[in-house]
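First comes the structure, then the notes that go with it.
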Amino acid sequence: MDESVAIMAQQVIAMFIMLMAGYAARARNLVSAEGSHSISNLVLYVINPMVILTSLTTTFEPGKLVNLAWCIGLTFAAFALAALISRLGMGKNADPQKANVARYAIIFSNMGFVGIPLVQNVLGTEYVFYVSGCIAAFTFVGWTYGVWLMTGSLEQASPAKVATNPAVIALTIGIVFFVTGWRLPAAVESAVDSLGAGNTGLAMIVLGTYLANTNIKEFLRDPLTLKVCVLRLVVVPLVFVALLAPIPDTVLSYSIKLVLVVTQATPVAGMTAMFADLFGGDSSYGAGLVSITTLVSLVTMPLVLALATAVC
C-alpha cells in the first residue's frame, strides 16, 4: 500500500473519532444548534484562513507559483465537470424542492473543512499552499454560479463577498508575503500557527453535530440522497482522476495531483446548508447531505486516493 494511502486511512480513522466526539457532544446537548453554527463560522472565517496564511509563509520559488496556478485552473475545470455530471446525473424527475440544493452539493466539495486537515496530515502543511488556490476558485464559483444555481438569478451574486471572504484575504496577504519574502512578527506568527492548529478537531466536531441532527435512516431511504452520495463521492472524483492521469509528472507532480484529488474527493461542502438557508432553499436537507456524505466519505476517500496513486 502506498504510504500516502496508509496515512490517509489512519487520518480518516482519527477524523471519525473526532466526528463521534462532536456527535456525542450534540446528542448530550453539550453543544447547542446555535453553538454548532458559531463554531462552524469560527472554523470557516478564522481558523481556516490562519492555516492558509501559515502555508503561504514560505520561501519563494517560481515553481510553487506555477503549481498554484495549475491548482486554480484545474479546480475551475473540476467545477465545470461536476456541473455537467450533476445535470446529466440528476435527471428531470428530482424533487424540485431539493433539486438545486442537491446540484450544489454534487458540484461543491468540502475542501476547506475536510480537505485542509487531510492535506495537512497526509502530505504536510506546506501543501496547504495549493489547497488555498483551490479554495479561492471555490469562493469565486460558489458566489457566482452557486448563487445562480440556488436562486435562478445572478442578482444576489456578490463580487464583494468574493473579495472580502477571509480565505481570499488570507490568500492575497499570503501571496504578497510569499513573493516578497516578508514574515509576520514572531508573536503574530506564533498566534496564527496556534489558531490554525485547532482546524482539524473543530471542523470534525462541527460535522459531528450536523450528523447528530440528521435522521440517517430517513435520509438513506431517499433515492435523491443516494444519487448525491454516488455522484459527489465516486463519480466526480473518479472523472477528475481520469482528467489528471494523462498530465505528465514533469508538468504536474504526483504530490500536487494528490492535493487536487483530495480536494475533489471530500464530502458535500458545508456551504450547501448555509446557502440553502440564505437563499430560501431546503437548509435541513442541505445539512443532512453534509452529514451523510461526511460519514460515507470516510470509506470512499481512501479508496479514491488509492486509485489515484495507482494511475497518477
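We label chains A, B, ... in the order they appear in the C-alpha cells, count residues from 1 in each chain, and number ligands from 1 in the order shown.
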Go through region 215-239 of chain A residue by residue and, counting only C-alpha atoms, keep those with an atom at most 10 Å from region 281-297 of chain A; for each kept residue give the shortest atom pair and its distance in Å to one decimal, ordered by chain and increasing number, as a tab-separated table.
residue	atom	partner	partner_atom	distance
A:Asn215	CA	A:Gly288	CA	7.9
A:Ile216	CA	A:Ile292	CA	7.1
A:Phe219	CA	A:Gly288	CA	7.3
A:Leu220	CA	A:Ile292	CA	8.3
A:Thr225	CA	A:Leu289	CA	7.0
A:Leu226	CA	A:Thr293	CA	9.4
A:Val228	CA	A:Leu289	CA	8.0
A:Cys229	CA	A:Thr293	CA	5.9
A:Val230	CA	A:Thr293	CA	9.3
A:Arg232	CA	A:Thr293	CA	8.2
A:Leu233	CA	A:Ser297	CA	6.6
A:Val234	CA	A:Ser297	CA	9.3
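Shortest atom-to-atom contact with Met274 (chain A) among A:His37, A:Arg183, A:Arg103, A:Lys92: A:His37, counting only C-alpha atoms.
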Which residues of region 88-133 of chain A come within 9 Å of region 147-169 of chain A, and what is each one's closest atom pair and distance in Å (one decimal), counting only C-alpha atoms, sorted by chain and residue number, as a Markdown table?
| residue | atom | partner | partner_atom | distance |
| --- | --- | --- | --- | --- |
| A:Asn100 | CA | A:Met150 | CA | 5.6 |
| A:Val101 | CA | A:Met150 | CA | 6.8 |
| A:Arg103 | CA | A:Leu149 | CA | 7.9 |
| A:Tyr104 | CA | A:Leu149 | CA | 7.0 |
| A:Ser132 | CA | A:Ala167 | CA | 7.6 |
| A:Gly133 | CA | A:Val168 | CA | 8.8 |
_Can you pull out the residues contacting Phe113 (chain A)? Cut-off 8 Å, using only C-alpha atoms, and skip same-chain residues under 2 positions away; I want them as a ChimeraX atom specification._
/A:43-44,48,110-111,115-117,199-200,203-204,270
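Using only C-alpha atoms, the residues found no farther than 12 Å from Leu184 (chain A), other than those of its own chain fewer than 4 positions away, are Leu53, Thr54, Leu56, Thr57, Thr58, Ile173, Gly174, Val176, Phe177, Phe178, Thr180, Val188, Glu189, Ser190, Ala191, Val192 and Asp193 of chain A.
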With N, CA and C atoms retained, export the selected residues as a short mmCIF file (atom, residue, chain, number, x, y, z; two decimals), in the first residue's frame.
data_model
loop_
_atom_site.label_atom_id
_atom_site.label_comp_id
_atom_site.auth_asym_id
_atom_site.auth_seq_id
_atom_site.Cartn_x
_atom_site.Cartn_y
_atom_site.Cartn_z
N LEU A 53 -2.79 31.16 5.67
CA LEU A 53 -1.72 32.14 5.85
C LEU A 53 -0.42 31.47 6.27
N THR A 54 -0.51 30.49 7.18
CA THR A 54 0.68 29.76 7.61
C THR A 54 1.33 29.03 6.45
N LEU A 56 1.36 29.77 3.36
CA LEU A 56 1.96 30.66 2.37
C LEU A 56 3.20 31.38 2.90
N THR A 57 3.44 31.28 4.19
CA THR A 57 4.63 31.89 4.78
C THR A 57 5.80 30.94 4.59
N THR A 58 6.30 30.94 3.37
CA THR A 58 7.35 30.01 3.00
C THR A 58 8.29 30.66 1.99
N ILE A 173 -2.89 38.15 1.12
CA ILE A 173 -1.80 38.56 2.02
C ILE A 173 -0.66 37.55 1.95
N GLY A 174 -1.03 36.27 1.95
CA GLY A 174 -0.03 35.22 1.94
C GLY A 174 0.82 35.24 0.68
N VAL A 176 1.46 37.87 -1.19
CA VAL A 176 2.37 39.03 -1.07
C VAL A 176 3.58 38.66 -0.22
N PHE A 177 3.34 38.00 0.91
CA PHE A 177 4.44 37.58 1.78
C PHE A 177 5.32 36.55 1.07
N PHE A 178 4.68 35.64 0.33
CA PHE A 178 5.41 34.59 -0.38
C PHE A 178 6.35 35.19 -1.43
N THR A 180 7.40 38.42 -1.70
CA THR A 180 8.37 39.41 -1.19
C THR A 180 9.34 38.84 -0.17
N VAL A 188 2.96 37.47 16.23
CA VAL A 188 1.79 37.30 15.36
C VAL A 188 1.85 35.93 14.67
N GLU A 189 3.03 35.57 14.19
CA GLU A 189 3.18 34.27 13.52
C GLU A 189 2.87 33.12 14.48
N SER A 190 3.29 33.25 15.73
CA SER A 190 3.00 32.22 16.72
C SER A 190 1.50 32.12 16.97
N ALA A 191 0.81 33.27 17.04
CA ALA A 191 -0.64 33.28 17.25
C ALA A 191 -1.36 32.65 16.07
N VAL A 192 -0.93 32.99 14.86
CA VAL A 192 -1.54 32.43 13.64
C VAL A 192 -1.37 30.92 13.60
N ASP A 193 -0.16 30.44 13.91
CA ASP A 193 0.11 28.99 13.93
C ASP A 193 -0.76 28.28 14.96
#
*Within 12 Å of Val299 (chain A), counting only C-alpha atoms, which residues show up once you throw out same-chain ones fewer than 5 positions away? Write them as a ChimeraX atom specification, please.*
/A:8-13,15-16,229,233-234,265-267,292-294,304-306
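A straight line drawn from CA of Leu278 (chain A) to CA of Ala105 (chain A) is 15.1 Å long.
For the residues A:Ala24, A:Asn67, A:Ala80, A:Ile107, ranking by smallest atom-to-atom distance to Thr250 (chain A) using only C-alpha atoms places A:Asn67 first.
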*asked:* I'd like to know which of A:Ala14, A:Leu238, A:Leu211, A:Ile256 is closest to Cys134 (chain A), using only C-alpha atoms.
replied: A:Ile256
Which polymer residues have any atom within 10 Å of an atom of Pro237 (chain A), counting only C-alpha atoms, with same-chain residues fewer than 4 positions away left out, as a PDB file with N, CA and C atoms, in the first residue's frame?
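What landed in out-v8.pdb:
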ATOM      1  N   ALA A  78     -12.606  21.276 -12.676  1.00  0.00           N
ATOM      2  CA  ALA A  78     -13.345  20.293 -11.871  1.00  0.00           C
ATOM      3  C   ALA A  78     -14.777  20.753 -11.625  1.00  0.00           C
ATOM      4  N   LEU A  81     -16.752  20.192 -14.817  1.00  0.00           N
ATOM      5  CA  LEU A  81     -17.074  18.769 -14.961  1.00  0.00           C
ATOM      6  C   LEU A  81     -18.189  18.359 -13.994  1.00  0.00           C
ATOM      7  N   ALA A  82     -18.082  18.804 -12.743  1.00  0.00           N
ATOM      8  CA  ALA A  82     -19.075  18.442 -11.736  1.00  0.00           C
ATOM      9  C   ALA A  82     -20.447  19.018 -12.081  1.00  0.00           C
ATOM     10  N   SER A 109     -17.349  20.639  -3.118  1.00  0.00           N
ATOM     11  CA  SER A 109     -16.813  19.730  -2.091  1.00  0.00           C
ATOM     12  C   SER A 109     -16.341  20.516  -0.871  1.00  0.00           C
ATOM     13  N   LEU A 231     -22.687  10.433  -6.891  1.00  0.00           N
ATOM     14  CA  LEU A 231     -22.118  11.411  -7.821  1.00  0.00           C
ATOM     15  C   LEU A 231     -21.028  12.251  -7.158  1.00  0.00           C
ATOM     16  N   ARG A 232     -21.278  12.711  -5.913  1.00  0.00           N
ATOM     17  CA  ARG A 232     -20.305  13.577  -5.224  1.00  0.00           C
ATOM     18  C   ARG A 232     -19.059  12.812  -4.794  1.00  0.00           C
ATOM     19  N   LEU A 233     -19.235  11.615  -4.268  1.00  0.00           N
ATOM     20  CA  LEU A 233     -18.126  10.904  -3.633  1.00  0.00           C
ATOM     21  C   LEU A 233     -17.405   9.916  -4.546  1.00  0.00           C
ATOM     22  N   VAL A 241      -9.884  12.274 -11.545  1.00  0.00           N
ATOM     23  CA  VAL A 241      -8.657  11.465 -11.594  1.00  0.00           C
ATOM     24  C   VAL A 241      -8.316  11.138 -13.047  1.00  0.00           C
ATOM     25  N   ALA A 242      -9.342  10.794 -13.836  1.00  0.00           N
ATOM     26  CA  ALA A 242      -9.121  10.495 -15.256  1.00  0.00           C
ATOM     27  C   ALA A 242      -8.595  11.713 -16.008  1.00  0.00           C
ATOM     28  N   LEU A 243      -9.016  12.919 -15.586  1.00  0.00           N
ATOM     29  CA  LEU A 243      -8.510  14.146 -16.199  1.00  0.00           C
ATOM     30  C   LEU A 243      -7.041  14.374 -15.848  1.00  0.00           C
ATOM     31  N   LEU A 260      -5.000  17.819  -5.356  1.00  0.00           N
ATOM     32  CA  LEU A 260      -6.207  18.099  -6.137  1.00  0.00           C
ATOM     33  C   LEU A 260      -7.246  16.993  -5.985  1.00  0.00           C
ATOM     34  N   VAL A 261      -6.784  15.748  -5.955  1.00  0.00           N
ATOM     35  CA  VAL A 261      -7.711  14.625  -5.778  1.00  0.00           C
ATOM     36  C   VAL A 261      -8.378  14.699  -4.408  1.00  0.00           C
ATOM     37  N   VAL A 262      -7.593  15.003  -3.378  1.00  0.00           N
ATOM     38  CA  VAL A 262      -8.165  15.104  -2.031  1.00  0.00           C
ATOM     39  C   VAL A 262      -9.259  16.171  -1.992  1.00  0.00           C
ATOM     40  N   THR A 263      -8.994  17.333  -2.600  1.00  0.00           N
ATOM     41  CA  THR A 263      -9.995  18.408  -2.550  1.00  0.00           C
ATOM     42  C   THR A 263     -11.289  18.017  -3.246  1.00  0.00           C
ATOM     43  N   GLN A 264     -11.202  17.173  -4.267  1.00  0.00           N
ATOM     44  CA  GLN A 264     -12.406  16.774  -5.004  1.00  0.00           C
ATOM     45  C   GLN A 264     -13.056  15.512  -4.446  1.00  0.00           C
ATOM     46  N   ALA A 265     -12.351  14.774  -3.611  1.00  0.00           N
ATOM     47  CA  ALA A 265     -12.906  13.536  -3.039  1.00  0.00           C
ATOM     48  C   ALA A 265     -13.631  13.773  -1.727  1.00  0.00           C
ATOM     49  N   THR A 266     -13.555  14.997  -1.213  1.00  0.00           N
ATOM     50  CA  THR A 266     -14.178  15.306   0.070  1.00  0.00           C
ATOM     51  C   THR A 266     -15.699  15.369  -0.057  1.00  0.00           C
ATOM     52  N   MET A 301     -13.113   8.125   0.474  1.00  0.00           N
ATOM     53  CA  MET A 301     -11.910   8.928   0.227  1.00  0.00           C
ATOM     54  C   MET A 301     -10.632   8.095   0.150  1.00  0.00           C
ATOM     55  N   VAL A 304     -10.647   6.284  -3.247  1.00  0.00           N
ATOM     56  CA  VAL A 304     -10.364   7.172  -4.378  1.00  0.00           C
ATOM     57  C   VAL A 304      -8.884   7.523  -4.416  1.00  0.00           C
ATOM     58  N   LEU A 305      -8.299   7.812  -3.249  1.00  0.00           N
ATOM     59  CA  LEU A 305      -6.878   8.149  -3.204  1.00  0.00           C
ATOM     60  C   LEU A 305      -6.015   6.958  -3.618  1.00  0.00           C
ATOM     61  N   ALA A 308      -6.070   6.850  -7.269  1.00  0.00           N
ATOM     62  CA  ALA A 308      -5.282   7.962  -7.806  1.00  0.00           C
ATOM     63  C   ALA A 308      -3.789   7.672  -7.740  1.00  0.00           C
TER      64      ALA A 308
END
_Please compute the CA of Thr309 (chain A)-CA of Gly89 (chain A) distance, one decimal, in Å._
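Between these atoms lies a distance of 26.5 Å.
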*With only C-alpha atoms as the atoms that count, which of A:Gly201, A:Val239, A:Asp249, A:Pro62 lies nearest to Val179 (chain A)?*
A:Pro62
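Considering only C-alpha atoms, the residue among A:Ala25, A:Leu42, A:Leu224, A:Ala33 positioned nearest to Gly208 (chain A) is A:Ala25.
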*Please measure the separation of CA of Ser55 (chain A) and CA of Tyr127 (chain A), giving the value in Å to one decimal.*
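Interatomic distance, CA of Ser55 (chain A) to CA of Tyr127 (chain A): 7.2 Å.
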*asked:* From the options A:Val66, A:Leu307, A:Val46, A:Val122, which residue's atoms come nearest to Val259 (chain A), counting only C-alpha atoms?
replied: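 Going through A:Val66, A:Leu307, A:Val46, A:Val122 one by one, the smallest distance to Val259 (chain A) is for A:Val122.
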_I want to know what sits within 6 Å of Gly196 (chain A), based on only C-alpha atoms, with residues of the same chain fewer than 5 positions away left out; could you give that as a ChimeraX atom specification?_
/A:47,50-51
Could those selected residues go to a file with N, CA and C atoms, as an mmCIF file, in the first residue's frame?
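Result went into selection_25.cif, see below:
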data_model
loop_
_atom_site.group_PDB
_atom_site.id
_atom_site.type_symbol
_atom_site.label_atom_id
_atom_site.label_comp_id
_atom_site.auth_asym_id
_atom_site.auth_seq_id
_atom_site.Cartn_x
_atom_site.Cartn_y
_atom_site.Cartn_z
ATOM 1 N N ILE A 47 -10.259 30.153 11.613
ATOM 2 C CA ILE A 47 -9.243 29.098 11.698
ATOM 3 C C ILE A 47 -8.689 28.726 10.322
ATOM 4 N N MET A 50 -6.243 31.156 8.894
ATOM 5 C CA MET A 50 -4.956 31.102 9.593
ATOM 6 C C MET A 50 -4.077 29.974 9.032
ATOM 7 N N VAL A 51 -4.717 28.834 8.714
ATOM 8 C CA VAL A 51 -3.972 27.713 8.128
ATOM 9 C C VAL A 51 -3.431 28.110 6.762
#
